[in-house]
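Remarks on the structure that follows.
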Amino acid sequence: MVLITRMSHKTNRISYHYHNVFVICLLIFTFFIILIATYHIFKFGNTQKHSVHNTISLNDLNSLHVQMLDADSLIADITNYSCTYFGCFNVYRCGSQGNKLLVYVYPPKIYVDASERPITSQMTKEFYQILSTIISSKFYTPNPYEACIFIPSIDTLNQNRLKLHEVSQALKALPFWNNGENHLIFNMVPGSVPDYSTIIDVPIGKAMIAGAGMSSLTYRFGFDISLPVYSSLTNNFKPYFNNTRMWLVISSQININSAFEQDLMEIKSISPKDLLILGPCLHYTSMNTTVRCTGEDVYKYPSVLQTATFCLVIRGARLGQSTLLECMAAGSIPVIIADSLIMPFYGVIDWTRAAIFIREVDVLTMIPVLKKVSQQRITELREQGAWLYEKYFQSMEKITLTTLEILTDRVFPHLAKNYMFWNVPPHKDTTSPLYLPATAPKTRGFTAVILTYDRLELLFLLINKLVKVPSLSKVLVIWNNQHKDPPHSSKWPKLNKPLKIIQTKENKLSNRFYPYDEIETEAVLSIDDDIIMLTADEVEFAYEVWREFPDRIVGFPSRIHIWDNGTNCWKYESEWTNSISMVLTGAAFHHKYWNYMYITAMPGDIREWVDEHMNCEDIAMNFLVANITGKAPIKVTPKKKFRCPECTNTEMLSADLTHMMERTQCINRFSSIYGSMPLQSVEFRADPVLFKDIFPEKLKRFNDIGSL
């Protein structure tokens, strides 16, 4: 009995053991069945999702395809903040087509998450312009295997529109991603609430960032590229540059840090006439960005910025501000109060030439600092800012192309553009725009172009004087009287030089600068019919001086423009001074190229205004030449005042009492149209060698100089 009982207990234990093993095996088998079923379900589902295609037309861009990504299949890495050009950029991808940067743009795709919702919303206009600019540029290549730079087609300009984890997966799914090597990510609105990071919060591996509002704490010097925050408000904005501005400085940002708001209110209480503080129009429409308000007063924006000499670009919720480009577009000088801000295109653009920088701790000293800036410095800053804006920031196209030019300089440093290229306007260069030899040839001489109306006696006297000048090639008389025909050919002086008369269809002062086919010489002597006091030696010497400076206006009567602090505008001054900035074309040499430029390339309505008011064509010509060359005219001989004893005062245009007032008005009007003051003042005059030296006259070449 006992033995049988023990045997039964042992048998029960064995049965129980085998039962547990069977249950475990059954569970394992069931688990594998579930795994296999799950795999096929997902595989079938993904196949269905991949079979769906949506086509979106983007002009020259490729069709957009829908791609579904498993949001849990990849684990995001973190951005490599230690990346440098030498450590994270593969330069060996570049140079397949010589010294040419080749950029590949991925065919745009709409990426969706597991629930088939787009990772990014519809492509923004600005990002579309970036892609279109690259594809239509000299940098683009459709062959990814010869490309040096890769541009993802995922719109990452505004981080608020992104699903960060999914964007990371989309980037990693790119066929040439390779942990972001040689890829460039565009971003203009980094970070999101509440931190407002200064760099895009998307894991990008070794990719470079072309981003706006970057901080010195996160910017990877020599690797990333700093962009401006683009403002769509400047798209159709037509700036009007004027030198008279109501306010010293304007604050127009609507998201200024509360601490700075208190500082600005304190400054306003001390200097109420210098600072205008604008904010959102809450009582008007808080979402309308084209207006700004202070109290009940509503201002059109950004036009209001044109009423201030300076405008604030101050640290706000985000470090980068669109105010910078809005200020530059309005011709207002940016005042940067953001210590850690990396300025746009840092490393190539010298912002000290176009902006004022004030430390955040010194914000309360802003008004005294700005008042110490001289008028000349203000003109220089405004002129440089206008040039920088037009060349680099006026459109998304220019911002994109500038970015690629900077990358080109990095990849091919032996061909890199220098400081002068990036920061000095062409008209500031010393290179002659005419591409002439250092000294113009003497062989063909000059053509005298005489503008006349009906003063025959003076005209004939002038012609007889001019024919005595050895280098005269031809006399061209512009007959500006439509009511009376010029005299018969038999009544004109008998000359040993060619004489041609052209009768104009309208009485316009600009007729003197028309590029007539009869002008066959490079040198043109523009002269009025009443300038009969010049001697042959003086005219010949002036021509010799012009040959040494063929891109300038060289002549006799000189004038100066000065700044009038009383009226806050420019003033035309004709009294004797030690400086000149204009040589009047009533008696001056210039290259015939300037005639062509005067008629075809005069900015604004300057030429029409001159012809309507019958004044200031000589000032307009001086503005034109100075703006293109950046050089001052040259006065010759000591003769400063021109007299016409044979003329009565009532016959002279300058006898009009309003003449001088109109001349001042011309200077201010022309400088507004140009957006700056191009005239250059100089303390220089050209006289002959041995002039007034105690030497026998036989040793001197030009003896008859300086006499009236």
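Going through the structure tokens in order, the chains are called A, B, and so on, while each chain numbers its residues from 1 and the ligands are numbered from 1 in the order shown.
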Test item: residues at most 10 Å from A:Leu462, only C-alpha atoms, excluding those fewer than 5 positions along its chain, as a CSV table (one decimal) with C-alpha atoms, in the first residue's frame:
```
chain,number,residue,atom,x,y,z
A,450,ILE,CA,27.1,124.9,-78.4
A,456,LEU,CA,23.7,135.3,-83.1
A,457,GLU,CA,26.2,138.0,-82.3
A,467,VAL,CA,38.4,127.8,-84.0
A,527,ILE,CA,29.5,125.3,-73.9
A,528,ASP,CA,26.9,128.1,-73.7
A,529,ASP,CA,26.7,130.7,-76.5
A,530,ASP,CA,27.5,133.5,-74.1
A,531,ILE,CA,30.8,132.1,-72.7
A,532,ILE,CA,33.0,134.4,-74.8
A,533,MET,CA,35.6,135.2,-72.1
A,534,LEU,CA,37.6,132.0,-72.4
```
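Backbone DSSP of stretch 148-256 of chain A yields alpha helix (DSSP H) at A:Leu164, A:His165, A:Glu166, A:Val167, A:Ser168, A:Gln169, A:Ala170, A:Leu171, A:Lys172.
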Problem - For atom CA of A:Val583 and atom CA of A:Arg552, the interatomic separation in Å (one decimal) - result: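 Separation between atom CA of A:Val583 and atom CA of A:Arg552: 9.9 Å.
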Problem - Residue nearest A:Ala536 - candidates A:Val689, A:Thr408, A:Gly630, A:Gly706, atoms counted: only C-alpha atoms - result: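 Closest residue, counting only C-alpha atoms: A:Gly706.
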Practice task
Provide the atom CA of A:Ser132 to atom CA of A:Lys109 distance in Å, to one decimal place.
Solution key: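 According to the coordinates, atom CA of A:Ser132 and atom CA of A:Lys109 are separated by 15.1 Å.
Taking only stretch 213-294 of chain A, the residues that DSSP calls strand (DSSP E or B) from the backbone come to Ser215, Ile225, Ser226, Leu227, Trp247, Leu248, Val249, Ile250, Ser251, Ile256, Leu275, Leu276, Ile277, Gly279, Val291, Arg292, Cys293 and Thr294 of chain A.
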Saved selection, atoms kept: N, CA and C atoms, as an mmCIF file, in the first residue's frame:
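What landed in part_31.cif:
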```cif
data_model
loop_
_atom_site.group_PDB
_atom_site.id
_atom_site.type_symbol
_atom_site.label_atom_id
_atom_site.label_comp_id
_atom_site.auth_asym_id
_atom_site.auth_seq_id
_atom_site.Cartn_x
_atom_site.Cartn_y
_atom_site.Cartn_z
ATOM 1 N N SER A 215 22.157 82.604 -32.958
ATOM 2 C CA SER A 215 22.889 83.174 -31.832
ATOM 3 C C SER A 215 24.354 82.758 -31.886
ATOM 4 N N ILE A 225 25.306 79.183 -42.260
ATOM 5 C CA ILE A 225 25.188 80.471 -42.941
ATOM 6 C C ILE A 225 24.015 81.223 -42.325
ATOM 7 N N SER A 226 24.274 82.438 -41.882
ATOM 8 C CA SER A 226 23.233 83.233 -41.232
ATOM 9 C C SER A 226 22.432 83.999 -42.281
ATOM 10 N N LEU A 227 21.107 83.876 -42.213
ATOM 11 C CA LEU A 227 20.208 84.544 -43.149
ATOM 12 C C LEU A 227 19.442 85.663 -42.440
ATOM 13 N N TRP A 247 11.567 112.023 -37.254
ATOM 14 C CA TRP A 247 11.994 111.374 -36.014
ATOM 15 C C TRP A 247 13.462 110.982 -36.097
ATOM 16 N N LEU A 248 14.118 111.019 -34.957
ATOM 17 C CA LEU A 248 15.489 110.526 -34.897
ATOM 18 C C LEU A 248 15.497 109.004 -34.989
ATOM 19 N N VAL A 249 14.597 108.350 -34.229
ATOM 20 C CA VAL A 249 14.574 106.888 -34.205
ATOM 21 C C VAL A 249 13.149 106.403 -33.968
ATOM 22 N N ILE A 250 12.820 105.265 -34.589
ATOM 23 C CA ILE A 250 11.501 104.647 -34.435
ATOM 24 C C ILE A 250 11.679 103.225 -33.911
ATOM 25 N N SER A 251 10.824 102.845 -32.965
ATOM 26 C CA SER A 251 10.716 101.457 -32.521
ATOM 27 C C SER A 251 9.384 100.934 -33.031
ATOM 28 N N ILE A 256 8.618 93.132 -28.419
ATOM 29 C CA ILE A 256 9.812 93.493 -27.663
ATOM 30 C C ILE A 256 9.744 92.920 -26.254
ATOM 31 N N LEU A 275 12.053 109.995 -30.172
ATOM 32 C CA LEU A 275 11.705 108.579 -30.262
ATOM 33 C C LEU A 275 10.208 108.396 -30.479
ATOM 34 N N LEU A 276 9.867 107.603 -31.489
ATOM 35 C CA LEU A 276 8.484 107.224 -31.727
ATOM 36 C C LEU A 276 8.354 105.724 -31.466
ATOM 37 N N ILE A 277 7.490 105.356 -30.507
ATOM 38 C CA ILE A 277 7.286 103.947 -30.158
ATOM 39 C C ILE A 277 5.958 103.484 -30.752
ATOM 40 N N GLY A 279 3.327 100.165 -31.782
ATOM 41 C CA GLY A 279 2.952 98.815 -31.388
ATOM 42 C C GLY A 279 1.798 98.314 -32.240
ATOM 43 N N VAL A 291 -0.048 97.984 -40.471
ATOM 44 C CA VAL A 291 -0.262 99.215 -39.707
ATOM 45 C C VAL A 291 0.402 99.073 -38.343
ATOM 46 N N ARG A 292 0.756 100.220 -37.778
ATOM 47 C CA ARG A 292 1.269 100.285 -36.413
ATOM 48 C C ARG A 292 0.573 101.449 -35.718
ATOM 49 N N CYS A 293 0.491 101.369 -34.410
ATOM 50 C CA CYS A 293 -0.244 102.379 -33.656
ATOM 51 C C CYS A 293 0.556 102.866 -32.457
ATOM 52 N N THR A 294 0.286 104.105 -32.086
ATOM 53 C CA THR A 294 0.703 104.628 -30.794
ATOM 54 C C THR A 294 -0.492 105.400 -30.246
#
```
Exercise for the section: May I have the residues within 10 Å of A:Ser395 as number ranges by chain, using only C-alpha atoms and disregarding those fewer than 6 positions away in the same chain? Expected result: A: 126, 129, 230-232, 234-235, 389
Write out, as a compact mmCIF listing (two decimals), in the first residue's frame, the residues just selected, with N, CA and C atoms.
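What landed in out.txt:
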```txt
# COMPACT_ATOMS: atom_id res chain seq x y z
N GLU A 126 7.77 81.34 -50.04
CA GLU A 126 9.19 81.65 -49.90
C GLU A 126 10.07 80.42 -50.17
N GLN A 129 10.17 79.69 -53.79
CA GLN A 129 11.08 80.60 -54.48
C GLN A 129 12.53 80.17 -54.32
N TYR A 230 13.15 87.10 -43.54
CA TYR A 230 12.55 87.77 -44.70
C TYR A 230 11.20 88.38 -44.34
N SER A 231 10.94 89.56 -44.89
CA SER A 231 9.67 90.24 -44.65
C SER A 231 8.91 90.40 -45.95
N SER A 232 7.71 89.83 -46.00
CA SER A 232 6.88 89.97 -47.20
C SER A 232 6.31 91.38 -47.35
N THR A 234 7.90 93.99 -47.67
CA THR A 234 8.74 94.78 -48.57
C THR A 234 8.60 94.36 -50.02
N ASN A 235 7.73 93.40 -50.31
CA ASN A 235 7.61 92.89 -51.68
C ASN A 235 7.22 93.99 -52.66
N TYR A 389 20.98 96.21 -49.33
CA TYR A 389 19.62 95.68 -49.46
C TYR A 389 19.32 95.32 -50.90
```
Practice task
Write out as a list in words which residues come within 10 Å of A:Asn511 when counting only C-alpha atoms, dropping same-chain ones fewer than 2 positions away.
Solution key: Leu451, Ile478, Trp479, Asn480, Thr504, Lys505, Glu506, Asn507, Lys508, Leu509, Phe513, Tyr514, Pro515, Tyr516, Asn595, Ile599, Asp611 and Glu617 of chain A
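If only C-alpha atoms are the atoms counted, then among A:Cys311, A:Leu401, A:Ala686, A:Arg245 the closest residue to A:Cys327 is A:Cys311.
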